[in-house]
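Participant: Sharing entry_34.cif (mmCIF, C-alpha atoms) below.
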data_entry
loop_
_atom_site.label_atom_id
_atom_site.label_comp_id
_atom_site.auth_asym_id
_atom_site.auth_seq_id
_atom_site.Cartn_x
_atom_site.Cartn_y
_atom_site.Cartn_z
CA ASP A 1 190.62 95.94 106.63
CA ALA A 2 193.08 98.15 108.51
CA GLY A 3 191.06 101.31 108.00
CA VAL A 4 192.57 104.69 107.24
CA ILE A 5 196.12 104.88 108.56
CA GLN A 6 197.74 108.14 109.61
CA SER A 7 201.25 108.87 110.78
CA PRO A 8 202.62 110.16 112.99
CA ARG A 9 199.93 110.05 115.67
CA HIS A 10 201.56 112.89 117.57
CA GLU A 11 203.96 115.55 116.36
CA VAL A 12 205.61 118.28 118.40
CA THR A 13 207.72 120.77 116.52
CA GLU A 14 209.12 124.24 116.85
CA MET A 15 207.80 127.22 114.97
CA GLY A 16 209.40 127.54 111.55
CA GLN A 17 210.01 123.85 111.06
CA GLU A 18 208.55 121.81 108.23
CA VAL A 19 205.90 119.26 109.16
CA THR A 20 204.70 116.38 106.99
CA LEU A 21 201.61 114.37 107.84
CA ARG A 22 200.91 111.09 106.09
CA CYS A 23 197.80 109.16 105.19
CA LYS A 24 197.06 105.77 103.70
CA PRO A 25 193.40 105.49 102.63
CA ILE A 26 191.32 102.34 102.67
CA SER A 27 192.23 100.17 99.71
CA GLY A 28 189.84 100.68 96.81
CA HIS A 29 188.56 104.06 97.96
CA ASN A 30 188.84 106.76 95.31
CA SER A 31 188.34 109.93 97.37
CA LEU A 32 190.61 111.26 100.09
CA PHE A 33 189.99 114.18 102.41
CA TRP A 34 192.12 116.19 104.83
CA TYR A 35 190.32 117.82 107.77
CA ARG A 36 191.56 119.95 110.64
CA GLN A 37 189.88 120.04 114.06
CA THR A 38 190.33 122.83 116.59
CA MET A 39 188.33 123.86 119.63
CA MET A 40 187.53 127.23 118.08
CA ARG A 41 186.53 126.17 114.59
CA GLY A 42 185.54 122.52 114.90
CA LEU A 43 186.14 120.26 111.90
CA GLU A 44 187.11 122.03 108.70
CA LEU A 45 187.79 120.52 105.28
CA LEU A 46 191.20 121.54 104.00
CA ILE A 47 191.40 119.72 100.67
CA TYR A 48 190.07 116.67 98.93
CA PHE A 49 191.22 114.43 96.09
CA ASN A 50 189.28 112.26 93.70
CA ASN A 51 191.23 109.62 91.79
CA ASN A 52 194.45 111.27 93.04
CA VAL A 53 193.51 114.66 91.57
CA PRO A 54 192.93 117.65 93.88
CA ILE A 55 189.32 118.73 93.44
CA ASP A 56 188.80 121.45 96.03
CA ASP A 57 191.57 123.11 98.03
CA SER A 58 189.58 126.18 99.04
CA GLY A 59 189.91 125.22 102.69
CA MET A 60 193.71 125.30 102.70
CA PRO A 61 194.45 128.23 105.01
CA GLU A 62 197.40 129.71 103.18
CA ASP A 63 200.37 128.98 100.98
CA ARG A 64 202.26 127.41 103.84
CA PHE A 65 199.99 124.38 103.45
CA SER A 66 200.33 121.94 100.56
CA ALA A 67 198.98 118.46 99.89
CA LYS A 68 199.86 115.75 97.44
CA MET A 69 198.51 112.39 96.43
CA PRO A 70 201.13 110.71 94.24
CA ASN A 71 199.18 107.44 94.06
CA ALA A 72 195.93 105.87 95.21
CA SER A 73 197.42 104.56 98.45
CA PHE A 74 199.27 107.56 99.84
CA SER A 75 198.80 111.25 100.57
CA THR A 76 200.78 113.89 102.42
CA LEU A 77 199.88 117.21 103.99
CA LYS A 78 202.86 119.51 104.45
CA ILE A 79 203.14 122.70 106.46
CA GLN A 80 206.19 124.85 105.78
CA PRO A 81 206.99 126.85 107.82
CA SER A 82 204.82 125.80 110.75
CA GLU A 83 203.31 128.32 113.19
CA PRO A 84 201.78 127.90 116.67
CA ARG A 85 198.29 128.58 115.26
CA ASP A 86 198.63 125.43 113.15
CA SER A 87 198.35 123.37 116.34
CA ALA A 88 195.33 121.11 115.85
CA VAL A 89 194.29 117.54 115.13
CA TYR A 90 194.53 116.69 111.46
CA PHE A 91 192.29 113.95 110.17
CA CYS A 92 192.44 112.05 106.92
CA ALA A 93 189.32 110.36 105.57
CA SER A 94 188.56 108.23 102.54
CA SER A 95 185.45 107.10 100.71
CA LEU A 96 184.27 105.17 97.69
CA SER A 97 180.62 106.06 97.26
CA ARG A 98 178.66 106.32 100.49
CA GLY A 99 179.95 107.62 103.79
CA LYS A 100 183.38 108.78 104.89
CA TYR A 101 185.82 106.73 106.96
CA PHE A 102 188.18 108.65 109.20
CA GLY A 103 191.66 107.86 110.42
CA PRO A 104 192.72 108.28 114.06
CA GLY A 105 194.20 111.70 113.41
CA THR A 106 197.57 113.37 113.96
CA ARG A 107 197.80 115.72 116.93
CA LEU A 108 200.16 118.53 115.94
CA THR A 109 201.64 120.89 118.48
CA VAL A 110 203.78 123.78 117.26
CA THR A 111 205.69 125.55 120.02
CA LYS B 1 177.00 128.35 101.96
CA GLN B 2 175.89 125.27 103.90
CA GLU B 3 175.81 125.71 107.67
CA VAL B 4 175.17 122.92 110.14
CA THR B 5 173.98 123.56 113.69
CA GLN B 6 173.61 121.12 116.55
CA ILE B 7 171.47 121.59 119.62
CA PRO B 8 172.08 121.21 122.49
CA ALA B 9 175.81 121.87 122.70
CA ALA B 10 176.06 119.77 125.84
CA LEU B 11 173.79 117.34 127.64
CA SER B 12 174.14 115.54 130.97
CA VAL B 13 171.60 112.85 131.84
CA PRO B 14 171.19 109.89 134.19
CA GLU B 15 171.58 106.40 132.84
CA GLY B 16 168.47 104.89 131.25
CA GLU B 17 167.02 108.04 129.73
CA ASN B 18 165.95 108.25 126.09
CA LEU B 19 167.70 111.12 124.32
CA VAL B 20 167.18 113.24 121.23
CA LEU B 21 170.04 115.13 119.63
CA ASN B 22 169.18 117.71 116.99
CA CYS B 23 170.93 118.76 113.80
CA SER B 24 169.79 121.44 111.37
CA PHE B 25 171.23 122.53 108.03
CA THR B 26 170.56 125.53 105.84
CA ASP B 27 170.68 124.05 102.33
CA SER B 28 168.37 121.09 101.71
CA ALA B 29 170.25 120.03 98.56
CA ILE B 30 172.32 117.38 100.30
CA TYR B 31 173.43 113.93 99.21
CA ASN B 32 173.72 112.20 102.55
CA LEU B 33 173.75 112.92 106.25
CA GLN B 34 176.09 111.10 108.56
CA TRP B 35 176.21 110.90 112.35
CA PHE B 36 179.55 110.32 114.06
CA ARG B 37 180.73 109.69 117.57
CA GLN B 38 184.01 111.09 118.89
CA ASP B 39 185.52 110.05 122.19
CA PRO B 40 187.93 112.46 123.89
CA GLY B 41 191.28 112.53 122.11
CA LYS B 42 190.12 109.98 119.56
CA GLY B 43 189.03 109.86 115.94
CA LEU B 44 185.55 109.80 114.46
CA THR B 45 183.43 106.66 114.42
CA SER B 46 180.59 106.55 111.91
CA LEU B 47 177.29 105.66 113.57
CA LEU B 48 174.64 106.04 110.89
CA LEU B 49 174.44 107.19 107.29
CA ILE B 50 171.14 108.40 105.84
CA GLN B 51 170.97 108.82 102.09
CA SER B 52 168.97 111.77 100.77
CA SER B 53 166.21 109.44 99.54
CA GLN B 54 165.80 107.83 102.97
CA ARG B 55 163.85 109.03 105.97
CA GLU B 56 165.61 107.13 108.73
CA GLN B 57 168.24 104.57 109.69
CA THR B 58 168.50 102.36 112.75
CA SER B 59 171.39 100.59 114.43
CA GLY B 60 170.81 98.96 117.78
CA ARG B 61 169.70 101.61 120.27
CA LEU B 62 170.31 104.39 117.75
CA ASN B 63 167.80 105.79 115.32
CA ALA B 64 168.45 108.73 113.02
CA SER B 65 165.81 110.54 110.99
CA LEU B 66 166.13 112.97 108.12
CA ASP B 67 163.70 115.63 106.93
CA LYS B 68 165.37 117.36 104.00
CA SER B 69 162.54 119.79 103.35
CA SER B 70 162.84 121.27 106.81
CA GLY B 71 166.61 120.90 107.00
CA ARG B 72 166.58 118.73 110.10
CA SER B 73 167.90 115.45 111.42
CA THR B 74 167.54 113.89 114.83
CA LEU B 75 169.55 111.18 116.53
CA TYR B 76 167.54 109.20 119.04
CA ILE B 77 169.42 107.19 121.67
CA ALA B 78 167.29 104.72 123.59
CA ALA B 79 168.06 103.63 127.15
CA SER B 80 171.26 105.63 127.44
CA GLN B 81 174.32 104.10 129.13
CA PRO B 82 177.50 105.61 130.60
CA GLY B 83 179.37 104.14 127.64
CA ASP B 84 177.39 106.45 125.37
CA SER B 85 179.26 109.43 126.82
CA ALA B 86 181.03 111.14 123.92
CA THR B 87 180.64 114.00 121.46
CA TYR B 88 178.14 113.35 118.68
CA LEU B 89 178.73 115.08 115.36
CA CYS B 90 176.31 115.54 112.52
CA ALA B 91 177.67 116.07 109.00
CA VAL B 92 175.92 116.74 105.70
CA GLU B 93 177.41 115.72 102.41
CA ASP B 94 177.47 118.58 99.97
CA THR B 95 178.61 117.26 96.56
CA ASP B 96 181.55 115.16 97.76
CA LYS B 97 182.36 117.12 100.91
CA LEU B 98 181.22 116.67 104.51
CA ILE B 99 180.21 119.82 106.36
CA PHE B 100 180.22 119.27 110.12
CA GLY B 101 178.18 120.69 112.93
CA THR B 102 179.86 121.75 116.15
CA GLY B 103 178.68 118.68 118.02
CA THR B 104 176.72 117.74 121.12
CA ARG B 105 178.81 116.70 124.11
CA LEU B 106 176.89 113.98 125.95
CA GLN B 107 177.55 112.75 129.46
CA VAL B 108 175.54 109.84 130.85
CA PHE B 109 176.08 109.30 134.57
CA PRO B 110 175.29 106.11 136.51
#
Rewrite the coordinates I just gave you, this time as structure tokens.

Facilitator:
Amino acid sequence: DAGVIQSPRHEVTEMGQEVTLRCKPISGHNSLFWYRQTMMRGLELLIYFNNNVPIDDSGMPEDRFSAKMPNASFSTLKIQPSEPRDSAVYFCASSLSRGKYFGPGTRLTVT
Amino acid sequence: KQEVTQIPAALSVPEGENLVLNCSFTDSAIYNLQWFRQDPGKGLTSLLLIQSSQREQTSGRLNASLDKSSGRSTLYIAASQPGDSATYLCAVEDTDKLIFGTGTRLQVFP
């Protein structure tokens, strides 16, 4: 099994630009999670999906952030427009019943 | 609101020592508790998962215990090695979500 796949691994962009992060969960998993990790706040849950339906998006910081899961094998997290304070590592995780399996993360730098 | 705390925040020990990392949580109504390892600049590797009905789990030199009533979990690392150097994160599963602690940064020196 390839595990959770995230792309890109690194993204550097200028303030105001649109950023799209991508995630492919483990095949057969029915829940998908987006987390953000910063030095100041640690790991925070942004949003999670169950069977492709968003269940809890209370962690999404503001309207500039949006996430979609058009099918069971793909999800995107979009930031538009990006700001320097969005700089962080964004992790995607998936699960079926027990435990969460994390991808390698996308390191986003907004200048 | 569930809060997860890890003590100590950082730990530096000589190789060979037995270690105990602590995790506490405020709401005992959890489904699972999971311990992760994170190497610098890397993702999270799952070490142990303890279901709410279990008291402990073991994997090699690692042993994790769970006491829901007191809101505590400990990760025991036997005979520590330099390769164990990493940040260790505790996370409790609240409904379907993981709530993370701030981690313990461990350094094991030769």

Participant: Pick out the chain A residues within 9 Å of chain B. Count only C-alpha atoms. Give them as a list in words.

Facilitator: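 Result: Ser31, Phe33, Arg41, Gly42, Leu43, Glu44, Leu45, Tyr48, Phe91, Arg98, Gly99, Lys100, Tyr101, Phe102, Gly103, Pro104, Gly105 and Arg107 of chain A.
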
Participant: Any chance you could work out the residue set of the PyMOL selection byres ((chain A and resi 32) around 8) here, as a list in words?

Facilitator: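 For this structure, the PyMOL selection byres ((chain A and resi 32) around 8) resolves to Pro25, His29, Asn30, Ser31, Phe33, Trp34, Tyr48, Phe49, Asn50, Cys92, Ala93, Ser94 and Ser95 of chain A.
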
Participant: Name all residues at most 12 Å from Thr104 of chain B (count only C-alpha atoms; drop same-chain ones fewer than 3 positions away) and give them as a PDB file with C-alpha atoms, in the coordinates of the input.

Facilitator:
ATOM      1  CA  GLY A  42     185.540 122.520 114.900  1.00  0.00           C
TER       2      GLY A  42
ATOM      3  CA  THR B   5     173.980 123.560 113.690  1.00  0.00           C
ATOM      4  CA  GLN B   6     173.610 121.120 116.550  1.00  0.00           C
ATOM      5  CA  ILE B   7     171.470 121.590 119.620  1.00  0.00           C
ATOM      6  CA  PRO B   8     172.080 121.210 122.490  1.00  0.00           C
ATOM      7  CA  ALA B   9     175.810 121.870 122.700  1.00  0.00           C
ATOM      8  CA  ALA B  10     176.060 119.770 125.840  1.00  0.00           C
ATOM      9  CA  LEU B  11     173.790 117.340 127.640  1.00  0.00           C
ATOM     10  CA  SER B  12     174.140 115.540 130.970  1.00  0.00           C
ATOM     11  CA  LEU B  19     167.700 111.120 124.320  1.00  0.00           C
ATOM     12  CA  VAL B  20     167.180 113.240 121.230  1.00  0.00           C
ATOM     13  CA  LEU B  21     170.040 115.130 119.630  1.00  0.00           C
ATOM     14  CA  ASN B  22     169.180 117.710 116.990  1.00  0.00           C
ATOM     15  CA  CYS B  23     170.930 118.760 113.800  1.00  0.00           C
ATOM     16  CA  TRP B  35     176.210 110.900 112.350  1.00  0.00           C
ATOM     17  CA  PHE B  36     179.550 110.320 114.060  1.00  0.00           C
ATOM     18  CA  ARG B  37     180.730 109.690 117.570  1.00  0.00           C
ATOM     19  CA  GLN B  38     184.010 111.090 118.890  1.00  0.00           C
ATOM     20  CA  ASP B  39     185.520 110.050 122.190  1.00  0.00           C
ATOM     21  CA  THR B  74     167.540 113.890 114.830  1.00  0.00           C
ATOM     22  CA  LEU B  75     169.550 111.180 116.530  1.00  0.00           C
ATOM     23  CA  SER B  85     179.260 109.430 126.820  1.00  0.00           C
ATOM     24  CA  ALA B  86     181.030 111.140 123.920  1.00  0.00           C
ATOM     25  CA  THR B  87     180.640 114.000 121.460  1.00  0.00           C
ATOM     26  CA  TYR B  88     178.140 113.350 118.680  1.00  0.00           C
ATOM     27  CA  LEU B  89     178.730 115.080 115.360  1.00  0.00           C
ATOM     28  CA  CYS B  90     176.310 115.540 112.520  1.00  0.00           C
ATOM     29  CA  PHE B 100     180.220 119.270 110.120  1.00  0.00           C
ATOM     30  CA  GLY B 101     178.180 120.690 112.930  1.00  0.00           C
ATOM     31  CA  GLN B 107     177.550 112.750 129.460  1.00  0.00           C
TER      32      GLN B 107
END

Participant: Tell me, as an MDAnalysis selection string, which residues lie within 10 Å of Ser70 of chain B, counting only C-alpha atoms; anything in the same chain fewer than 2 positions away does not count.

Facilitator: chainID B and resid 24:28 66:68 72:73

Participant: Kindly give the distance, in Å, that separates atom CA of Leu47 of chain B and atom CA of Gly3 of chain A, rounded to a single decimal.

Facilitator: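 The value is 15.5 Å.
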
Participant: Please determine, counting all atoms listed in the file, which residue among A:Ala72, A:Val12, A:Val110, A:Ile79 has the shortest atom-to-atom distance to Lys24 of chain A.

Facilitator: A:Ala72

Participant: In the coordinate frame of the file, compute which residues have an atom within 8 Å of (207.4, 122.0, 108.6) when using all atoms listed in the file, and state them as a PyMOL selection string.

Facilitator: chain A and resi 16-20+78-82

Participant: Could those residues be written to a file, using C-alpha atoms, as a PDB file, in the frame of the given file?

Facilitator:
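Just written: selection03.pdb:
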ATOM      1  CA  GLY A  16     209.400 127.540 111.550  1.00  0.00           C
ATOM      2  CA  GLN A  17     210.010 123.850 111.060  1.00  0.00           C
ATOM      3  CA  GLU A  18     208.550 121.810 108.230  1.00  0.00           C
ATOM      4  CA  VAL A  19     205.900 119.260 109.160  1.00  0.00           C
ATOM      5  CA  THR A  20     204.700 116.380 106.990  1.00  0.00           C
ATOM      6  CA  LYS A  78     202.860 119.510 104.450  1.00  0.00           C
ATOM      7  CA  ILE A  79     203.140 122.700 106.460  1.00  0.00           C
ATOM      8  CA  GLN A  80     206.190 124.850 105.780  1.00  0.00           C
ATOM      9  CA  PRO A  81     206.990 126.850 107.820  1.00  0.00           C
ATOM     10  CA  SER A  82     204.820 125.800 110.750  1.00  0.00           C
TER      11      SER A  82
END

Participant: Suppose a student applies the PyMOL selection byres ((chain B and resi 109) around 7) to this structure; what residues should they get, written as an NGL selection string?

Facilitator: :B and (13-15 or 82 or 107-108 or 110)

Participant: Would you pick out the contacts of Leu108 of chain A at 10 Å or less, using only C-alpha atoms, so that residues sharing its chain but fewer than 6 positions from it are not included, and give the list as a PDB file with C-alpha atoms, keeping the file's coordinate frame?

Facilitator:
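The result, written out as around35.pdb:
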ATOM      1  CA  PRO A   8     202.620 110.160 112.990  1.00  0.00           C
ATOM      2  CA  ARG A   9     199.930 110.050 115.670  1.00  0.00           C
ATOM      3  CA  HIS A  10     201.560 112.890 117.570  1.00  0.00           C
ATOM      4  CA  GLU A  11     203.960 115.550 116.360  1.00  0.00           C
ATOM      5  CA  VAL A  12     205.610 118.280 118.400  1.00  0.00           C
ATOM      6  CA  THR A  13     207.720 120.770 116.520  1.00  0.00           C
ATOM      7  CA  VAL A  19     205.900 119.260 109.160  1.00  0.00           C
ATOM      8  CA  LEU A  21     201.610 114.370 107.840  1.00  0.00           C
ATOM      9  CA  PRO A  84     201.780 127.900 116.670  1.00  0.00           C
ATOM     10  CA  ASP A  86     198.630 125.430 113.150  1.00  0.00           C
ATOM     11  CA  SER A  87     198.350 123.370 116.340  1.00  0.00           C
ATOM     12  CA  ALA A  88     195.330 121.110 115.850  1.00  0.00           C
ATOM     13  CA  VAL A  89     194.290 117.540 115.130  1.00  0.00           C
ATOM     14  CA  TYR A  90     194.530 116.690 111.460  1.00  0.00           C
TER      15      TYR A  90
END

Participant: Which residues fall under the PyMOL selection byres ((chain B and resi 80) around 6) in this file, as a list in words?

Facilitator: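 Selection result, ordered by chain and number: Glu15, Gly16, Glu17, Ala78, Ala79 and Gln81 of chain B.
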
Participant: What does the distance from atom CA of Thr95 of chain B to atom CA of Tyr76 of chain B come to in Å, to one decimal?

Facilitator: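 For atom CA of Thr95 of chain B relative to atom CA of Tyr76 of chain B, the distance reads 26.3 Å.
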
Participant: From the options B:Ile77, B:Gly71, B:Leu106, B:Gln2, which residue's atoms come nearest to Thr58 of chain B, counting all atoms listed in the file?

Facilitator: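 Between B:Ile77, B:Gly71, B:Leu106, B:Gln2, the residue approaching Thr58 of chain B most closely is B:Ile77.
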
Participant: For the atom pair atom CA of Leu46 of chain A and atom CA of Ala29 of chain B, what is the interatomic distance in Å to one decimal place?

Facilitator: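 Straight-line distance from atom CA of Leu46 of chain A to atom CA of Ala29 of chain B works out to 21.7 Å.
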